>>> print(open('entry-v3.cif').read())   # mmCIF, C-alpha atoms
data_upload
loop_
_atom_site.label_atom_id
_atom_site.label_comp_id
_atom_site.auth_asym_id
_atom_site.auth_seq_id
_atom_site.Cartn_x
_atom_site.Cartn_y
_atom_site.Cartn_z
CA MET H 1 23.37 -134.60 1.45
CA THR H 2 23.28 -135.68 5.07
CA LYS H 3 21.73 -138.83 6.47
CA VAL H 4 18.94 -136.73 7.96
CA ASP H 5 18.03 -135.42 4.52
CA LYS H 6 17.92 -138.95 3.16
CA TYR H 7 15.65 -140.10 5.98
CA LEU H 8 13.45 -137.07 5.37
CA CYS H 9 13.24 -138.04 1.72
CA VAL H 10 12.08 -141.56 2.57
CA ALA H 11 9.63 -140.34 5.24
CA LEU H 12 7.94 -137.91 2.87
CA PHE H 13 7.66 -140.64 0.25
CA CYS H 14 5.90 -142.92 2.77
CA ILE H 15 3.50 -140.12 3.82
CA ALA H 16 2.61 -139.44 0.19
CA CYS H 17 2.00 -143.17 -0.39
CA LEU H 18 -0.32 -143.35 2.62
CA ALA H 19 -2.21 -140.23 1.56
CA THR H 20 -2.73 -141.63 -1.91
CA ALA H 21 -3.75 -145.04 -0.60
CA CYS H 22 -6.70 -143.37 1.16
CA THR H 23 -8.16 -142.28 -2.20
CA GLN H 24 -11.58 -143.85 -2.71
CA GLU H 25 -12.55 -145.53 -5.94
CA ARG H 26 -15.71 -143.50 -6.40
CA GLN H 27 -16.29 -140.38 -4.38
CA PRO H 28 -19.74 -140.08 -2.74
CA CYS H 29 -22.18 -137.88 -4.62
CA LEU H 30 -22.93 -134.82 -2.49
CA THR H 31 -24.78 -132.79 -5.15
CA PRO H 32 -28.60 -132.86 -5.38
CA MET H 33 -29.43 -134.68 -8.60
CA ARG H 34 -33.17 -134.10 -9.00
CA ALA H 35 -34.38 -130.97 -10.78
CA ASN H 36 -36.95 -129.29 -8.52
CA LEU H 37 -40.00 -127.59 -9.97
CA ASN H 38 -40.76 -125.27 -7.05
CA VAL H 39 -44.44 -124.27 -6.99
CA ARG H 40 -46.15 -121.72 -4.77
CA THR H 41 -49.94 -121.47 -4.49
CA ILE H 42 -51.69 -118.13 -3.89
CA GLN H 43 -55.38 -117.79 -3.03
CA PHE H 44 -57.59 -114.80 -3.79
CA LYS H 45 -59.77 -113.58 -0.94
CA LYS H 46 -63.49 -113.89 -1.59
CA GLY H 47 -64.79 -110.51 -2.82
CA ALA H 48 -61.44 -108.76 -2.49
CA ALA H 49 -58.75 -107.96 -5.01
CA GLU H 50 -55.72 -108.63 -2.82
CA THR H 51 -54.26 -112.09 -2.49
CA VAL H 52 -53.55 -114.12 0.60
CA ASP H 53 -50.74 -116.60 0.91
CA THR H 54 -52.26 -119.15 3.22
CA ALA H 55 -51.38 -122.79 3.37
CA LEU H 56 -53.72 -125.21 1.65
CA PRO H 57 -55.38 -127.69 4.05
CA ALA H 58 -54.39 -130.89 2.23
CA ALA H 59 -53.25 -130.21 -1.32
CA ILE H 60 -53.07 -133.24 -3.59
CA PHE H 61 -50.75 -133.52 -6.59
CA ARG H 62 -50.98 -136.53 -8.87
CA ALA H 63 -48.32 -137.34 -11.47
CA PHE H 64 -49.35 -139.14 -14.67
CA THR H 65 -46.27 -141.32 -15.10
CA PRO H 66 -45.67 -144.10 -17.64
CA SER H 67 -46.18 -146.62 -14.84
CA GLY H 68 -49.49 -145.10 -13.71
CA VAL H 69 -50.84 -142.26 -11.58
CA GLN H 70 -48.93 -141.53 -8.38
CA GLY H 71 -50.36 -139.16 -5.80
CA PHE H 72 -48.84 -136.98 -3.10
CA ILE H 73 -50.70 -135.23 -0.26
CA PHE H 74 -49.16 -132.14 1.33
CA ASP H 75 -50.56 -131.10 4.73
CA ARG H 76 -50.81 -127.37 5.46
CA ALA H 77 -48.43 -126.18 2.78
CA SER H 78 -48.31 -123.37 0.24
CA THR H 79 -45.03 -124.33 -1.44
CA PHE H 80 -44.56 -127.64 -3.23
CA VAL H 81 -41.74 -129.42 -5.03
CA LEU H 82 -42.76 -131.26 -8.18
CA SER H 83 -40.66 -132.96 -10.84
CA LEU H 84 -40.74 -133.34 -14.61
CA SER H 85 -40.21 -136.41 -16.76
CA PRO H 86 -36.63 -136.65 -18.11
CA ASP H 87 -37.87 -139.03 -20.80
CA SER H 88 -40.40 -136.72 -22.44
CA ASP H 89 -40.95 -133.06 -23.40
CA THR H 90 -44.26 -132.89 -21.55
CA SER H 91 -45.39 -133.88 -18.08
CA LYS H 92 -48.91 -133.94 -16.69
CA TRP H 93 -49.99 -133.39 -13.10
CA ALA H 94 -53.42 -133.14 -11.47
CA PHE H 95 -53.98 -130.76 -8.55
CA THR H 96 -56.60 -129.99 -5.97
CA THR H 97 -56.61 -128.01 -2.76
CA ASP H 98 -57.98 -130.59 -0.30
CA THR H 99 -59.34 -134.10 0.18
CA SER H 100 -63.00 -133.15 0.56
CA GLY H 101 -64.02 -133.85 -3.02
CA THR H 102 -62.89 -130.57 -4.58
CA PRO H 103 -62.45 -131.10 -8.33
CA PHE H 104 -58.98 -131.61 -9.77
CA ASP H 105 -57.32 -129.32 -12.27
CA THR H 106 -54.89 -130.75 -14.78
CA LEU H 107 -51.53 -129.04 -15.36
CA THR H 108 -49.58 -129.88 -18.49
CA PHE H 109 -45.96 -128.72 -18.59
CA TYR H 110 -44.16 -128.19 -21.91
CA TYR H 111 -40.38 -127.88 -21.70
CA ARG H 112 -36.96 -128.54 -23.18
CA ARG H 113 -34.61 -131.04 -21.57
CA ASP H 114 -30.94 -130.38 -20.90
CA LYS H 115 -28.68 -133.24 -19.80
CA GLN H 116 -26.08 -131.93 -17.37
CA PHE H 117 -22.88 -133.66 -16.35
CA ILE H 118 -22.57 -133.13 -12.59
CA SER H 119 -19.41 -135.12 -11.77
CA ASN H 120 -17.98 -138.61 -12.09
CA ALA H 121 -19.25 -139.25 -8.57
CA CYS H 122 -22.83 -138.29 -9.47
CA GLY H 123 -23.12 -138.90 -13.19
CA TYR H 124 -25.68 -137.01 -15.29
CA ALA H 125 -28.81 -135.14 -14.24
CA CYS H 126 -31.62 -133.79 -16.36
CA PHE H 127 -32.49 -130.09 -16.06
CA PHE H 128 -35.37 -128.36 -17.84
CA LYS H 129 -36.41 -125.06 -19.36
CA LEU H 130 -40.16 -124.44 -19.17
CA ASP H 131 -41.81 -123.24 -22.36
CA SER H 132 -45.41 -123.12 -21.19
CA VAL H 133 -47.93 -124.53 -18.74
CA HIS H 134 -51.50 -125.32 -19.74
CA THR H 135 -54.22 -125.88 -17.17
CA THR H 136 -57.92 -126.50 -16.75
CA ARG H 137 -59.69 -123.82 -14.70
CA LYS H 138 -61.95 -125.52 -12.15
CA ILE H 139 -60.09 -124.20 -9.13
CA ILE H 140 -57.07 -122.57 -10.75
CA ASP H 141 -57.42 -118.95 -11.87
CA SER H 142 -54.04 -118.56 -13.57
CA ILE H 143 -50.44 -119.75 -13.58
CA HIS H 144 -47.34 -117.57 -13.80
CA ILE H 145 -43.88 -118.86 -14.69
CA ILE H 146 -41.46 -116.95 -12.44
CA ASN H 147 -38.29 -118.79 -13.42
CA ALA H 148 -38.27 -121.08 -16.47
CA ASN H 149 -35.02 -122.84 -15.50
CA VAL H 150 -35.77 -125.97 -13.51
CA THR H 151 -32.51 -127.11 -11.95
CA ASN H 152 -31.26 -128.70 -8.75
CA ASN H 153 -31.46 -125.31 -7.04
CA ALA H 154 -33.98 -125.92 -4.27
CA ASN H 155 -34.42 -122.23 -3.52
CA ALA H 156 -35.39 -120.96 -6.96
CA GLY H 157 -39.17 -120.45 -7.24
CA ASN H 158 -40.41 -121.55 -10.66
CA LEU H 159 -44.18 -121.31 -10.68
CA GLN H 160 -47.04 -119.45 -8.98
CA ILE H 161 -50.54 -120.96 -9.06
CA TYR H 162 -53.37 -118.50 -8.38
CA ILE H 163 -56.48 -120.20 -7.01
CA HIS H 164 -60.10 -118.99 -7.35
CA PRO H 165 -61.73 -117.50 -4.25
CA GLY H 166 -63.56 -120.06 -2.16
CA ALA H 167 -61.85 -122.98 -3.88
CA MET A 1 -12.96 -117.07 -15.95
CA ARG A 2 -13.06 -116.32 -12.21
CA ALA A 3 -11.76 -119.82 -11.48
CA THR A 4 -8.86 -119.34 -13.92
CA CYS A 5 -7.97 -116.00 -12.31
CA ARG A 6 -8.06 -117.68 -8.91
CA TYR A 7 -5.69 -120.41 -10.03
CA ILE A 8 -3.31 -117.89 -11.61
CA TYR A 9 -3.38 -115.94 -8.34
CA ILE A 10 -2.62 -119.08 -6.30
CA LEU A 11 0.15 -119.99 -8.74
CA ALA A 12 1.72 -116.54 -8.50
CA LEU A 13 1.46 -116.63 -4.70
CA ASN A 14 3.21 -120.01 -4.62
CA VAL A 15 6.05 -118.71 -6.79
CA VAL A 16 6.47 -115.65 -4.54
CA LEU A 17 6.50 -117.80 -1.41
CA VAL A 18 9.06 -120.23 -2.83
CA CYS A 19 11.27 -117.33 -3.99
CA CYS A 20 11.02 -115.67 -0.55
CA ALA A 21 11.95 -118.93 1.16
CA ALA A 22 14.95 -119.42 -1.14
CA ASN A 23 16.04 -115.81 -0.62
CA ALA A 24 15.71 -116.12 3.15
CA LYS A 25 17.80 -119.29 3.14
CA ALA A 26 20.49 -117.61 1.03
CA GLN A 27 20.61 -114.66 3.45
CA GLN A 28 20.80 -117.04 6.39
CA ASP A 29 23.77 -118.84 4.80
CA THR A 30 25.49 -115.53 4.06
CA ALA A 31 24.95 -114.37 7.63
CA ALA A 32 26.43 -117.59 8.95
CA VAL A 33 29.58 -117.08 6.87
CA ASP A 34 29.92 -113.41 7.85
CA THR A 35 30.01 -114.19 11.59
CA THR A 36 33.32 -116.04 11.18
CA GLY A 37 34.90 -112.63 10.86
CA GLU A 38 38.33 -113.13 9.33
CA GLU A 39 37.38 -115.74 6.75
CA LYS A 40 36.36 -114.51 3.31
CA LYS A 41 33.10 -115.63 1.81
CA ALA A 42 33.62 -119.07 0.26
CA PRO A 43 33.44 -119.08 -3.54
CA LYS A 44 30.41 -120.74 -5.04
CA VAL A 45 31.21 -124.31 -6.04
CA GLN A 46 30.67 -124.80 -9.76
CA ALA A 47 29.35 -128.00 -11.33
CA ALA A 48 31.86 -130.43 -12.83
CA GLY A 49 30.90 -130.83 -16.49
CA ARG A 50 27.54 -131.45 -18.03
CA GLN A 51 24.71 -133.70 -16.92
CA LEU A 52 21.68 -135.23 -18.57
CA CYS A 53 19.50 -137.22 -16.21
CA VAL A 54 16.81 -139.60 -17.47
CA GLY A 55 14.38 -141.29 -15.13
CA VAL A 56 11.24 -143.30 -14.71
CA ASP A 57 8.47 -142.75 -12.18
CA ILE A 58 7.89 -145.83 -10.02
CA PHE A 59 5.15 -144.35 -7.86
CA HIS A 60 2.33 -144.41 -10.41
CA PRO A 61 3.03 -147.99 -11.62
CA VAL A 62 2.79 -149.10 -7.98
CA LEU A 63 -0.39 -147.07 -7.58
CA ASN A 64 -1.85 -148.64 -10.74
CA ASN A 65 -2.04 -151.96 -8.89
CA TYR A 66 -4.33 -150.43 -6.27
CA LEU A 67 -6.57 -148.41 -8.59
CA ALA A 68 -8.95 -150.55 -10.61
CA ASN A 69 -10.11 -147.87 -13.03
CA SER A 70 -7.08 -145.73 -13.91
CA TYR A 71 -3.45 -146.10 -14.84
CA GLY A 72 -0.49 -143.91 -15.74
CA TYR A 73 3.19 -144.11 -16.59
CA GLU A 74 5.66 -141.24 -16.51
CA LEU A 75 9.20 -140.59 -17.75
CA THR A 76 11.43 -137.61 -17.07
CA ALA A 77 14.61 -136.04 -18.39
CA ASP A 78 16.46 -132.97 -17.19
CA TYR A 79 19.54 -131.20 -18.46
CA PHE A 80 21.82 -128.99 -16.36
CA LEU A 81 21.98 -125.48 -17.80
CA LYS A 82 23.84 -123.12 -15.45
CA ASN A 83 23.38 -121.30 -12.13
CA GLU A 84 21.74 -124.49 -10.78
CA PHE A 85 18.94 -124.31 -13.34
CA TYR A 86 17.81 -127.50 -15.04
CA ALA A 87 15.63 -127.70 -18.14
CA VAL A 88 13.05 -130.43 -17.61
CA ALA A 89 10.89 -132.43 -20.02
CA GLU A 90 8.46 -135.06 -18.82
CA GLY A 91 6.07 -137.28 -20.69
CA GLY A 92 3.92 -140.35 -20.38
CA TRP A 93 0.65 -142.05 -21.09
CA GLY A 94 -2.32 -143.49 -19.26
CA GLY A 95 -6.05 -143.87 -19.19
CA SER A 96 -9.15 -144.66 -17.22
CA LYS A 97 -12.13 -146.94 -17.38
CA VAL A 98 -15.37 -145.90 -15.75
CA ASP A 99 -17.77 -148.78 -15.27
CA TYR A 100 -20.38 -147.55 -12.82
CA THR A 101 -24.02 -148.61 -12.95
CA ASP A 102 -25.07 -145.19 -14.24
CA LEU A 103 -21.98 -144.11 -16.22
CA GLN A 104 -19.61 -146.02 -18.53
CA TYR A 105 -16.78 -144.74 -20.72
CA THR A 106 -13.03 -145.09 -21.27
CA THR A 107 -10.30 -142.53 -21.87
CA THR A 108 -6.70 -142.75 -23.01
CA ASN A 109 -4.21 -139.92 -23.15
CA THR A 110 -0.61 -138.98 -23.70
CA PHE A 111 0.95 -135.96 -22.06
CA LEU A 112 3.99 -133.72 -22.14
CA ARG A 113 5.29 -131.31 -19.52
CA ALA A 114 8.11 -128.83 -19.95
CA GLY A 115 9.69 -126.40 -17.53
CA PHE A 116 12.61 -125.92 -15.19
CA ASN A 117 13.97 -126.84 -11.79
CA LYS A 118 16.10 -124.54 -9.68
CA SER A 119 18.29 -126.20 -7.08
CA MET A 120 18.36 -124.50 -3.69
CA LEU A 121 21.03 -126.80 -2.27
CA LEU A 122 24.62 -125.51 -2.14
CA ARG A 123 27.13 -127.94 -3.63
CA ASP A 124 29.61 -129.54 -1.25
CA HIS A 125 31.97 -130.18 -4.16
CA PRO A 126 31.82 -129.96 -7.99
CA ARG A 127 30.63 -133.55 -8.36
CA ASP A 128 27.83 -133.11 -5.86
CA TRP A 129 24.68 -133.37 -7.98
CA ASP A 130 22.19 -133.81 -5.13
CA LEU A 131 19.20 -131.56 -5.49
CA MET A 132 16.60 -129.86 -3.39
CA PHE A 133 14.62 -127.88 -5.86
CA PHE A 134 11.55 -125.95 -6.80
CA GLY A 135 10.29 -125.63 -10.33
CA MET A 136 7.50 -124.84 -12.70
CA ARG A 137 5.94 -126.74 -15.58
CA ALA A 138 3.48 -126.20 -18.37
CA GLY A 139 1.54 -129.35 -19.15
CA PHE A 140 -0.39 -130.54 -22.18
CA ALA A 141 -2.40 -133.73 -22.67
CA ASN A 142 -4.21 -135.09 -25.70
CA ILE A 143 -7.23 -137.08 -24.54
CA THR A 144 -9.38 -139.55 -26.45
CA ARG A 145 -12.71 -140.40 -24.87
CA SER A 146 -15.08 -143.15 -26.00
CA ASN A 147 -18.86 -142.78 -26.19
CA ALA A 148 -20.18 -142.37 -22.67
CA ALA A 149 -23.32 -144.31 -21.78
CA TYR A 150 -25.28 -142.84 -18.89
CA ILE A 151 -28.52 -143.36 -17.00
CA VAL A 152 -30.45 -140.51 -15.40
CA GLN A 153 -32.14 -142.13 -12.44
CA ASP A 154 -35.62 -141.01 -11.45
CA SER A 155 -37.73 -142.97 -9.00
CA LEU A 156 -40.99 -141.25 -10.08
CA TRP A 157 -40.81 -141.02 -13.88
CA GLY A 158 -38.45 -143.92 -14.53
CA ASN A 159 -34.82 -144.04 -15.61
CA THR A 160 -33.60 -142.48 -18.85
CA THR A 161 -30.59 -143.67 -20.81
CA GLY A 162 -28.40 -141.67 -23.17
CA ILE A 163 -25.10 -141.53 -25.02
CA GLN A 164 -22.58 -138.69 -24.88
CA PRO A 165 -20.59 -138.97 -28.13
CA GLY A 166 -16.86 -139.65 -27.80
CA LYS A 167 -14.32 -137.02 -28.81
CA ASN A 168 -10.67 -135.94 -28.82
CA PHE A 169 -9.73 -132.90 -26.80
CA ASN A 170 -6.79 -131.29 -25.03
CA ALA A 171 -6.01 -130.34 -21.45
CA TYR A 172 -3.62 -127.55 -20.46
CA TRP A 173 -2.32 -126.92 -16.99
CA LEU A 174 0.43 -125.21 -15.00
CA GLU A 175 2.38 -126.71 -12.13
CA VAL A 176 4.42 -125.56 -9.19
CA ASN A 177 6.86 -128.27 -8.09
CA ALA A 178 9.25 -128.98 -5.26
CA GLY A 179 11.34 -132.03 -4.54
CA MET A 180 14.62 -133.74 -3.87
CA ARG A 181 17.01 -136.00 -5.73
CA ILE A 182 20.01 -137.80 -4.29
CA GLU A 183 22.73 -139.88 -5.91
CA LEU A 184 22.67 -143.40 -4.49
CA LEU A 185 25.45 -144.95 -6.55
CA HIS A 186 27.66 -143.67 -9.32
CA GLY A 187 25.09 -141.97 -11.59
CA LEU A 188 22.09 -143.80 -10.16
CA CYS A 189 19.72 -141.37 -8.46
CA ALA A 190 16.42 -141.44 -6.59
CA GLY A 191 14.11 -138.60 -5.69
CA TRP A 192 10.59 -137.33 -5.34
CA THR A 193 8.62 -134.44 -6.67
CA ILE A 194 5.45 -133.00 -5.19
CA ARG A 195 3.28 -131.03 -7.57
CA GLY A 196 0.51 -128.47 -7.31
CA LYS A 197 -1.42 -128.43 -10.58
CA PHE A 198 -3.89 -125.92 -11.93
CA LEU A 199 -6.08 -126.76 -14.90
CA MET A 200 -6.33 -123.88 -17.37
CA ASN A 201 -9.16 -125.04 -19.65
CA GLY A 202 -11.67 -126.66 -17.31
CA LYS A 203 -14.58 -125.46 -19.46
CA ALA A 204 -13.54 -127.97 -22.15
CA PHE A 205 -14.63 -130.71 -19.73
CA LYS A 206 -18.13 -129.38 -19.12
CA ASP A 207 -19.89 -132.14 -21.06
CA LEU A 208 -17.92 -134.91 -19.30
CA ALA A 209 -14.75 -134.47 -17.27
CA PRO A 210 -12.43 -137.51 -17.57
CA LEU A 211 -12.06 -139.48 -14.39
CA TYR A 212 -8.29 -139.47 -14.75
CA ILE A 213 -5.83 -137.68 -17.01
CA ALA A 214 -2.34 -139.20 -16.88
CA GLY A 215 0.10 -136.40 -16.08
CA TYR A 216 -2.58 -134.28 -14.44
CA GLY A 217 -4.90 -136.37 -12.26
CA ARG A 218 -8.65 -136.12 -11.68
CA GLY A 219 -10.25 -134.34 -14.60
CA ASP A 220 -13.11 -132.89 -12.57
CA LYS A 221 -10.75 -130.99 -10.25
CA GLY A 222 -9.49 -127.53 -11.20
CA GLY A 223 -6.59 -127.73 -8.77
CA ILE A 224 -4.88 -130.89 -7.59
CA PHE A 225 -1.79 -132.25 -5.84
CA ASP A 226 0.29 -135.08 -7.23
CA PHE A 227 3.45 -136.95 -6.35
CA ASN A 228 6.20 -138.79 -8.22
CA PHE A 229 9.06 -140.94 -7.06
CA TYR A 230 11.74 -141.23 -9.71
CA ILE A 231 14.60 -143.64 -10.22
CA SER A 232 16.94 -142.00 -12.68
CA TYR A 233 20.36 -142.31 -14.24
CA ALA A 234 22.70 -139.37 -14.77
CA ILE A 235 24.85 -139.23 -17.90
CA ARG A 236 27.80 -136.86 -17.41
CA TRP A 237 30.43 -135.57 -19.79
CA GLN A 238 33.16 -132.93 -20.05
CA THR A 239 34.22 -133.97 -16.57
CA GLU A 240 37.78 -134.61 -17.88
CA SER A 241 38.18 -131.05 -19.17
CA PHE A 242 36.95 -129.83 -15.80
CA ASN A 243 39.58 -131.99 -14.05
CA GLN A 244 42.32 -130.68 -16.35
CA ALA A 245 41.26 -127.09 -15.84
CA LYS A 246 41.20 -127.63 -12.12
CA SER A 247 44.62 -129.32 -11.97
CA GLY A 248 46.09 -126.62 -14.30
CA SER A 249 44.97 -123.86 -12.01
CA GLN A 250 46.54 -125.48 -8.96
CA PRO A 251 50.18 -124.52 -8.11
#
>>> encode(input="entry-v3.cif", output="structure tokens")
Amino acid sequence: MTKVDKYLCVALFCIACLATACTQERQPCLTPMRANLNVRTIQFKKGAAETVDTALPAAIFRAFTPSGVQGFIFDRASTFVLSLSPDSDTSKWAFTTDTSGTPFDTLTFYYRRDKQFISNACGYACFFKLDSVHTTRKIIDSIHIINANVTNNANAGNLQIYIHPGA
Amino acid sequence: MRATCRYIYILALNVVLVCCAANAKAQQDTAAVDTTGEEKKAPKVQAAGRQLCVGVDIFHPVLNNYLANSYGYELTADYFLKNEFYAVAEGGWGGSKVDYTDLQYTTTNTFLRAGFNKSMLLRDHPRDWDLMFFGMRAGFANITRSNAAYIVQDSLWGNTTGIQPGKNFNAYWLEVNAGMRIELLHGLCAGWTIRGKFLMNGKAFKDLAPLYIAGYGRGDKGGIFDFNFYISYAIRWQTESFNQAKSGSQP
């Protein structure tokens, strides 16, 4: 083996050492961790059978959490991202279409929890499989489960809420 | 299944590329000899006797000092067969300790790799044992993982804690290797090996992939590169009979 080969050997060893030295202790977590319950609202037209998919003026969703009720207002939206409790098999939300005193409907979600290992960088997440949704019917006509699997996929629609005409 | 097929495809492609490169180099050497015209092709230099080489990896022990949550130690042994093929066995042990705010567990494992190296370097003389090689390995590790405590963080509903029960399980992988080894002093050698590794049973890690598997690397990666730097000692025998045979054949 020539001297050049020996120098090459040493050089490659040094490059490998440098490359390894750049390894971080914990990689950053680049995966979405929250399971999204993607909801779409659909309104019936007054006196007509067909539906219209218009944005609600100021929809309010309120989560009944162990630490109290927490509300969210969505301006001019017809799709909403909710979440479910990873510590329980049921979660309760209240919903109304605007801030002008329209009564609230209560949505109760029943589901199974599934702990998912994402990676060592991210740890565990909690995904869900919806069993059923119960609701009061002040402004809500009906609810359809489109996709029961609630995961970190932000594009998968899970639920459609049909709203009474004029609500 | 698709991931496994992909890794097998990459592995096969690597083998083909390495074989093509070795073949091209051999043809280049032959062509260089042929251009001398009158000279006959030089006979292939045969190895003098037998060799068993045992070594220890010094790269990972150095690396252990810089990595707070994983460690690994590796040993190697290779035995010269014939036609510049070496049977290789490698083994070691290691572990990891994960102590993040949302995830805590420890793993320990032992591993074994077996395969071959093929030297691509032509010998200058019978006692020239320097190597530039490629090789393949099949790897196996037995892993013990403790209970894993985790926290699912949720700013709205509050954090949830849980335990993933500990277990024993195995990891299997294939490797494509390349490297060099040179003799520094009489029998004392140094060399490096670069490795491309492909995990074959990644689905076994679905519930919790170990942070580090000694002998393989990061458990949550299906394909990975690794590096070793070995200091080794070569034990040789039957060199006397080779000398006698050589002197007997000379006029």
>>> residues_around(input="entry-v3.cif", residues="Phe74 (chain H)", least_positions_apart="6", cutoff="9 Å", atoms="only C-alpha atoms", output="ChimeraX atom specification")
/H:56-61,80
>>> resolve_selection(input="entry-v3.cif", expression="the PyMOL selection byres ((chain A) within 6 of (chain H))", output="list in words")
Val152, Trp157, Thr160, Asp207 and Leu208 of chain A
>>> resolve_selection(input="entry-v3.cif", expression="the PyMOL selection byres ((chain A and resi 165) around 12)", output="number ranges by chain")
A: 104-106, 144-150, 162-164, 166-168, 207-208
>>> atom_distance(input="entry-v3.cif", atom1="CA of Val69 (chain H)", atom2="CA of Asn158 (chain H)")
23.2 Å
>>> atom_distance(input="entry-v3.cif", atom1="CA of Phe109 (chain H)", atom2="CA of Gln160 (chain H)")
13.4 Å
>>> atom_distance(input="entry-v3.cif", atom1="CA of Thr79 (chain H)", atom2="CA of Ile42 (chain H)")
9.4 Å
>>> resolve_selection(input="entry-v3.cif", expression="the PyMOL selection byres ((chain H and resi 54) around 9)", output="ChimeraX atom specification")
/H:41-43,52-53,55-56,76-78
>>> residues_near_point(input="entry-v3.cif", point="(34.6, -129.4, -6.2)", cutoff="8 Å", atoms="all atoms listed in the file", output="ChimeraX atom specification")
/A:45-48,124-128
>>> write_last_selection(input="entry-v3.cif", atoms="C-alpha atoms", output="compact mmCIF listing (two decimals), in the frame of the given file")
# COMPACT_ATOMS: atom_id res chain seq x y z
CA VAL A 45 31.21 -124.31 -6.04
CA GLN A 46 30.67 -124.80 -9.76
CA ALA A 47 29.35 -128.00 -11.33
CA ALA A 48 31.86 -130.43 -12.83
CA ASP A 124 29.61 -129.54 -1.25
CA HIS A 125 31.97 -130.18 -4.16
CA PRO A 126 31.82 -129.96 -7.99
CA ARG A 127 30.63 -133.55 -8.36
CA ASP A 128 27.83 -133.11 -5.86
>>> residues_near_point(input="entry-v3.cif", point="(11.3, -139.4, -6.3)", cutoff="9 Å", atoms="all atoms listed in the file", output="ChimeraX atom specification")
/H:9,13 /A:57-59,179-181,189-194,227-232
>>> closest_residue(input="entry-v3.cif", among="A:Lys44, A:Lys97, A:Lys118, A:Lys197", to="Leu211 (chain A)", atoms="all atoms listed in the file")
A:Lys97
>>> build_atoms(input="entry-v3.cif", residues="region 172-185 of chain A", atoms="N, CA and C atoms", output="PDB file, keeping the file's coordinate frame")
ATOM      1  N   TYR A 172      -4.799-128.385 -20.716  1.00  0.00           N
ATOM      2  CA  TYR A 172      -3.620-127.550 -20.460  1.00  0.00           C
ATOM      3  C   TYR A 172      -3.592-127.214 -18.980  1.00  0.00           C
ATOM      4  N   TRP A 173      -2.416-127.276 -18.402  1.00  0.00           N
ATOM      5  CA  TRP A 173      -2.320-126.920 -16.990  1.00  0.00           C
ATOM      6  C   TRP A 173      -0.930-126.365 -16.671  1.00  0.00           C
ATOM      7  N   LEU A 174      -0.837-125.721 -15.516  1.00  0.00           N
ATOM      8  CA  LEU A 174       0.430-125.210 -15.000  1.00  0.00           C
ATOM      9  C   LEU A 174       0.716-125.892 -13.667  1.00  0.00           C
ATOM     10  N   GLU A 175       1.993-126.027 -13.361  1.00  0.00           N
ATOM     11  CA  GLU A 175       2.380-126.710 -12.130  1.00  0.00           C
ATOM     12  C   GLU A 175       3.410-125.901 -11.362  1.00  0.00           C
ATOM     13  N   VAL A 176       3.341-126.017 -10.059  1.00  0.00           N
ATOM     14  CA  VAL A 176       4.420-125.560  -9.190  1.00  0.00           C
ATOM     15  C   VAL A 176       4.961-126.817  -8.508  1.00  0.00           C
ATOM     16  N   ASN A 177       6.267-127.030  -8.587  1.00  0.00           N
ATOM     17  CA  ASN A 177       6.860-128.270  -8.090  1.00  0.00           C
ATOM     18  C   ASN A 177       7.905-127.997  -7.012  1.00  0.00           C
ATOM     19  N   ALA A 178       8.116-128.996  -6.188  1.00  0.00           N
ATOM     20  CA  ALA A 178       9.250-128.980  -5.260  1.00  0.00           C
ATOM     21  C   ALA A 178       9.661-130.424  -5.054  1.00  0.00           C
ATOM     22  N   GLY A 179      10.916-130.645  -4.736  1.00  0.00           N
ATOM     23  CA  GLY A 179      11.340-132.030  -4.540  1.00  0.00           C
ATOM     24  C   GLY A 179      12.803-132.162  -4.197  1.00  0.00           C
ATOM     25  N   MET A 180      13.236-133.397  -4.191  1.00  0.00           N
ATOM     26  CA  MET A 180      14.620-133.740  -3.870  1.00  0.00           C
ATOM     27  C   MET A 180      15.110-134.816  -4.822  1.00  0.00           C
ATOM     28  N   ARG A 181      16.422-134.873  -5.002  1.00  0.00           N
ATOM     29  CA  ARG A 181      17.010-136.000  -5.730  1.00  0.00           C
ATOM     30  C   ARG A 181      18.401-136.231  -5.157  1.00  0.00           C
ATOM     31  N   ILE A 182      18.690-137.473  -4.845  1.00  0.00           N
ATOM     32  CA  ILE A 182      20.010-137.800  -4.290  1.00  0.00           C
ATOM     33  C   ILE A 182      20.661-138.897  -5.131  1.00  0.00           C
ATOM     34  N   GLU A 183      21.984-138.877  -5.158  1.00  0.00           N
ATOM     35  CA  GLU A 183      22.730-139.880  -5.910  1.00  0.00           C
ATOM     36  C   GLU A 183      23.017-141.051  -4.982  1.00  0.00           C
ATOM     37  N   LEU A 184      22.488-142.219  -5.336  1.00  0.00           N
ATOM     38  CA  LEU A 184      22.670-143.400  -4.490  1.00  0.00           C
ATOM     39  C   LEU A 184      23.998-144.078  -4.795  1.00  0.00           C
ATOM     40  N   LEU A 185      24.203-144.352  -6.083  1.00  0.00           N
ATOM     41  CA  LEU A 185      25.450-144.950  -6.550  1.00  0.00           C
ATOM     42  C   LEU A 185      26.001-144.054  -7.644  1.00  0.00           C
TER      43      LEU A 185
END
